[in-house]
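Colleague: This is structure.txt (compact mmCIF, C-alpha atoms).
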# COMPACT_ATOMS: atom_id res chain seq x y z
CA MET A 1 16.09 -12.60 36.62
CA PRO A 2 13.73 -9.65 36.00
CA TYR A 3 16.28 -8.21 33.56
CA LEU A 4 16.31 -11.46 31.59
CA ILE A 5 12.51 -11.35 31.27
CA LEU A 6 12.68 -7.70 30.24
CA ILE A 7 15.34 -8.42 27.59
CA ALA A 8 13.40 -11.42 26.25
CA GLY A 9 10.24 -9.31 26.02
CA ALA A 10 12.12 -6.52 24.23
CA LEU A 11 13.59 -8.97 21.71
CA LEU A 12 10.18 -10.52 21.11
CA GLY A 13 8.68 -7.07 20.59
CA ILE A 14 11.42 -6.12 18.13
CA TYR A 15 10.86 -9.35 16.20
CA ALA A 16 7.10 -8.71 16.07
CA LEU A 17 7.66 -5.16 14.80
CA MET A 18 10.10 -6.34 12.13
CA THR A 19 7.65 -8.90 10.79
CA PHE A 20 4.85 -6.33 10.87
CA PHE A 21 6.87 -3.76 8.92
CA GLN A 22 7.85 -6.38 6.32
CA ARG A 23 4.24 -7.32 5.59
CA ALA A 24 2.40 -4.06 6.23
CA THR A 25 1.15 -1.61 3.67
CA PRO A 26 2.19 2.04 4.02
CA ALA A 27 -1.31 2.91 5.27
CA GLN A 28 -1.01 0.32 8.04
CA VAL A 29 2.40 1.67 9.07
CA VAL A 30 1.02 5.21 9.26
CA SER A 31 -1.93 4.01 11.33
CA LEU A 32 0.38 2.19 13.73
CA LEU A 33 2.63 5.21 14.14
CA GLN A 34 -0.37 7.48 14.75
CA ALA A 35 -1.71 5.08 17.37
CA VAL A 36 1.67 4.81 19.12
CA PHE A 37 2.04 8.60 19.12
CA SER A 38 -1.48 9.01 20.53
CA VAL A 39 -0.87 6.48 23.30
CA MET A 40 2.43 8.17 24.19
CA LEU A 41 0.77 11.58 24.39
CA LEU A 42 -2.08 10.20 26.47
CA GLY A 43 0.35 8.43 28.80
CA GLY A 44 2.42 11.59 29.19
CA CYS A 45 -0.72 13.58 29.92
CA LEU A 46 -1.82 11.09 32.59
CA LEU A 47 1.68 11.00 34.11
CA LEU A 48 1.72 14.80 34.36
CA ALA A 49 -1.76 14.84 35.91
CA VAL A 50 -0.85 12.17 38.50
CA THR A 51 2.36 13.94 39.50
CA GLY A 52 0.48 17.18 40.17
CA ARG A 53 1.39 19.12 37.04
CA VAL A 54 -2.18 19.69 35.92
CA GLY A 55 -1.45 22.77 33.77
CA PRO A 56 0.81 21.00 31.27
CA ALA A 57 -1.52 17.96 31.33
CA ILE A 58 -4.46 20.17 30.31
CA ALA A 59 -2.34 21.78 27.58
CA ILE A 60 -1.40 18.39 26.13
CA ALA A 61 -5.00 17.20 26.35
CA GLY A 62 -6.14 20.35 24.53
CA ALA A 63 -3.55 19.78 21.83
CA MET A 64 -4.75 16.18 21.42
CA ILE A 65 -8.42 17.09 20.83
CA PRO A 66 -8.00 18.03 17.13
CA MET A 67 -6.08 14.81 16.52
CA PHE A 68 -8.83 12.67 18.03
CA VAL A 69 -11.50 14.59 16.10
CA HIS A 70 -9.55 13.92 12.90
CA PHE A 71 -9.36 10.18 13.71
CA ALA A 72 -13.09 10.06 14.48
CA PHE A 73 -14.07 11.73 11.18
CA LYS A 74 -11.60 9.60 9.23
CA LYS A 75 -13.02 6.42 10.75
CA ARG A 76 -16.58 7.56 10.05
CA ASN A 77 -15.74 8.36 6.42
CA ASN A 78 -14.07 4.97 5.96
CA ALA A 79 -17.10 3.22 7.42
CA ALA A 80 -19.46 5.21 5.20
CA SER A 81 -17.48 4.43 2.04
CA GLY A 82 -17.20 0.75 2.93
CA ALA A 83 -13.39 0.85 2.75
CA GLU A 84 -13.02 -0.44 6.28
CA GLY A 85 -14.03 -3.99 5.37
CA VAL A 86 -11.47 -4.34 2.57
CA ASP A 87 -8.34 -6.19 3.53
CA ASP A 88 -5.09 -7.01 1.74
CA GLN A 89 -6.19 -10.52 0.74
CA ASP A 90 -9.24 -9.14 -1.08
CA ALA A 91 -7.03 -6.62 -2.87
CA GLY A 92 -4.59 -9.38 -3.82
CA ALA A 93 -7.41 -11.53 -5.17
CA ARG A 94 -8.68 -8.62 -7.25
CA ASN A 95 -5.18 -8.04 -8.64
CA ASN A 96 -4.89 -11.73 -9.54
CA ARG A 97 -8.27 -11.65 -11.30
CA ALA A 98 -7.25 -8.49 -13.19
CA SER A 99 -3.97 -10.13 -14.14
CA MET A 100 -5.71 -13.24 -15.40
CA SER A 101 -8.23 -11.22 -17.38
CA ALA A 102 -5.53 -9.06 -18.97
CA GLU A 103 -3.55 -12.12 -20.01
CA SER A 104 -6.58 -13.91 -21.36
CA ASP A 105 -7.63 -10.81 -23.32
CA ILE A 106 -4.69 -11.20 -25.73
CA SER A 107 -5.97 -13.81 -28.13
CA SER A 108 -4.11 -13.11 -31.36
CA ARG A 109 -0.85 -11.79 -32.71
CA LYS A 110 -2.69 -8.92 -34.38
CA GLU A 111 -4.21 -7.83 -31.07
CA ALA A 112 -0.85 -8.03 -29.28
CA LEU A 113 0.73 -5.87 -31.99
CA GLU A 114 -2.10 -3.31 -31.67
CA VAL A 115 -1.66 -3.11 -27.90
CA LEU A 116 2.05 -2.38 -28.31
CA GLY A 117 1.44 0.03 -31.17
CA LEU A 118 3.30 -2.15 -33.66
CA ASP A 119 0.33 -2.93 -35.91
CA ASP A 120 1.87 -0.95 -38.79
CA VAL A 121 5.12 -2.98 -38.62
CA LYS A 122 4.91 -6.02 -40.86
CA ASP A 123 7.23 -8.35 -38.92
CA PRO A 124 8.60 -6.70 -35.74
CA SER A 125 11.82 -8.04 -34.29
CA LYS A 126 12.33 -9.01 -30.68
CA ASP A 127 14.09 -5.67 -30.09
CA ASP A 128 11.15 -3.77 -31.62
CA VAL A 129 8.73 -5.51 -29.26
CA ILE A 130 10.90 -4.84 -26.21
CA THR A 131 11.47 -1.18 -27.15
CA ALA A 132 7.76 -0.57 -27.74
CA TYR A 133 6.92 -2.30 -24.46
CA LYS A 134 9.43 -0.22 -22.48
CA ASN A 135 8.29 3.07 -24.02
CA LEU A 136 4.62 2.37 -23.35
CA MET A 137 5.29 0.99 -19.87
CA LYS A 138 7.00 4.25 -18.93
CA LYS A 139 3.68 5.97 -19.59
CA MET A 140 1.28 3.26 -18.38
CA HIS A 141 3.03 1.92 -15.26
CA PRO A 142 0.91 2.38 -12.11
CA ASP A 143 3.80 4.10 -10.32
CA HIS A 144 3.86 6.78 -13.02
CA GLY A 145 0.15 7.59 -13.07
CA GLY A 146 -0.84 4.67 -15.27
CA ASN A 147 -3.30 1.92 -14.68
CA ASP A 148 -2.79 -1.68 -13.45
CA TYR A 149 -5.00 -3.10 -16.19
CA PHE A 150 -3.13 -1.38 -19.04
CA ALA A 151 0.25 -2.31 -17.59
CA GLN A 152 -0.85 -5.96 -17.37
CA LYS A 153 -2.24 -5.79 -20.88
CA LEU A 154 1.11 -4.50 -22.16
CA SER A 155 2.96 -7.27 -20.33
CA ALA A 156 0.58 -9.88 -21.72
CA ALA A 157 1.05 -8.57 -25.26
CA ARG A 158 4.84 -8.57 -24.89
CA ASP A 159 4.80 -12.12 -23.49
CA TYR A 160 2.52 -13.29 -26.30
CA LEU A 161 4.81 -11.88 -29.00
CA LEU A 162 8.06 -13.09 -27.41
CA LYS A 163 6.89 -16.70 -27.03
Would you encode the structure as structure tokens?

Modeller:
Amino acid sequence: MPYLILIAGALLGIYALMTFFQRATPAQVVSLLQAVFSVMLLGGCLLLAVTGRVGPAIAIAGAMIPMFVHFAFKKRNNAASGAEGVDDQDAGARNNRASMSAESDISSRKEALEVLGLDDVKDPSKDDVITAYKNLMKKMHPDHGGNDYFAQKLSAARDYLLK
């Protein structure tokens, strides 16, 4: 019976970790791994101290001091910058607002052509629009050092011209 409870608890823990990793940002994953590593080191240090091996326990505790100092300064800097109160829902709402503003900024065909750099082309084809969009998106995509706003503006211009 105790093994059944242990197996059920392990399965529940694995399920919880899987759902966490699916929804978590990379920063949250790093924080979790740092916390787990810290707890494991602290537990190992306490286990060594309780079993009479004080020398290795002191060595591990000494090695952990810089890590805890780093966490303390990092937490203080986050609190000072106000980044601690920002959560994923706020970031998602900001992205939605930016997306809506970028789409609503394109109000004419002329503006959409200017955004894509096709303002000198009299009547661009669908392929011209797609090619210009792809070339500019390679430069402006957020994953390649670009900006979310410009990438959304390019997408809005492409969508406007392809409608």

Colleague: List every protein, DNA or RNA residue with an atom no more than 10 Å from (10.7, -12.1, -34.6) in the file's coordinates, counting only C-alpha atoms, and format the result as a list in words.

Modeller: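 Using only C-alpha atoms, the matching residues come out as Asp123, Pro124, Ser125, Lys126, Asp127, Asp128, Val129, Leu161, Leu162 and Lys163 of chain A.
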
Colleague: Which of these residues is nearest to Gln34 of chain A, using all atoms listed in the file: A:Met18, A:Leu116, A:Met67, A:Leu136?

Modeller: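 Ranking A:Met18, A:Leu116, A:Met67, A:Leu136 by distance to Gln34 of chain A, first place goes to A:Met67.
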
Colleague: Tell me, in Å to one decimal, how far atom CA of Asp119 of chain A is from atom CA of His144 of chain A.

Modeller: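 Distance between the two atoms: 25.1 Å.
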
Colleague: Taking all atoms listed in the file into account, name the residue in A:Phe150, A:Asp159, A:Tyr15, A:Ser107 that is nearest to Ile130 of chain A.

Modeller: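 Result for the nearest residue to Ile130 of chain A: A:Asp159.
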
Colleague: What's the separation between atom CA of Leu42 of chain A and atom CA of Gly13 of chain A, in Å to one decimal place?

Modeller: 21.2 Å

Colleague: Considering only C-alpha atoms, can you say which of A:Arg158, A:Leu4, A:Met140, A:Gly146 comes closest to Leu118 of chain A?

Modeller: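 Distance minimum relative to Leu118 of chain A lands on A:Arg158.
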
Colleague: List every protein, DNA or RNA residue that has an atom no more than 12 Å from (6.8, 11.0, 32.0) in the file's coordinate frame, counting only C-alpha atoms, and report them as a list in words.

Modeller: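 I get Met40, Leu41, Leu42, Gly43, Gly44, Cys45, Leu46, Leu47, Leu48, Ala49, Val50, Thr51, Arg53, Pro56 and Ala57 of chain A for the residues within 12 Å of that point.
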
Colleague: Just the selected residues (C-alpha atoms), exported as a PDB file, keeping the file's coordinate frame, please.

Modeller:
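Below you can see result_28.pdb, which holds the result:
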ATOM      1  CA  MET A  40       2.430   8.170  24.190  1.00  0.00           C
ATOM      2  CA  LEU A  41       0.770  11.580  24.390  1.00  0.00           C
ATOM      3  CA  LEU A  42      -2.080  10.200  26.470  1.00  0.00           C
ATOM      4  CA  GLY A  43       0.350   8.430  28.800  1.00  0.00           C
ATOM      5  CA  GLY A  44       2.420  11.590  29.190  1.00  0.00           C
ATOM      6  CA  CYS A  45      -0.720  13.580  29.920  1.00  0.00           C
ATOM      7  CA  LEU A  46      -1.820  11.090  32.590  1.00  0.00           C
ATOM      8  CA  LEU A  47       1.680  11.000  34.110  1.00  0.00           C
ATOM      9  CA  LEU A  48       1.720  14.800  34.360  1.00  0.00           C
ATOM     10  CA  ALA A  49      -1.760  14.840  35.910  1.00  0.00           C
ATOM     11  CA  VAL A  50      -0.850  12.170  38.500  1.00  0.00           C
ATOM     12  CA  THR A  51       2.360  13.940  39.500  1.00  0.00           C
ATOM     13  CA  ARG A  53       1.390  19.120  37.040  1.00  0.00           C
ATOM     14  CA  PRO A  56       0.810  21.000  31.270  1.00  0.00           C
ATOM     15  CA  ALA A  57      -1.520  17.960  31.330  1.00  0.00           C
TER      16      ALA A  57
END

Colleague: Can you measure atom CA of Ala157 of chain A to atom CA of Val121 of chain A for me? One decimal in Å is fine.

Modeller: 15.0 Å

Colleague: With only C-alpha atoms as the basis for distance, which of A:Thr19, A:Ile14, A:Lys74, A:Lys153 is at the shortest distance from Val115 of chain A?

Modeller: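 Selected residue with least distance to Val115 of chain A: A:Lys153.
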
Colleague: Smallest atom-to-atom distance to Glu111 of chain A: which of A:Met64, A:Leu17, A:Ala156, A:Val54, using all atoms listed in the file?

Modeller: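 Closest to Glu111 of chain A of all the choices is A:Ala156.
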
Colleague: So, with all atoms listed in the file as the atoms that count, which of A:Gly62, A:Gly145, A:Glu114, A:Met1 lies closest to Ala132 of chain A?

Modeller: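 For Ala132 of chain A, the nearest of the given residues is A:Glu114.
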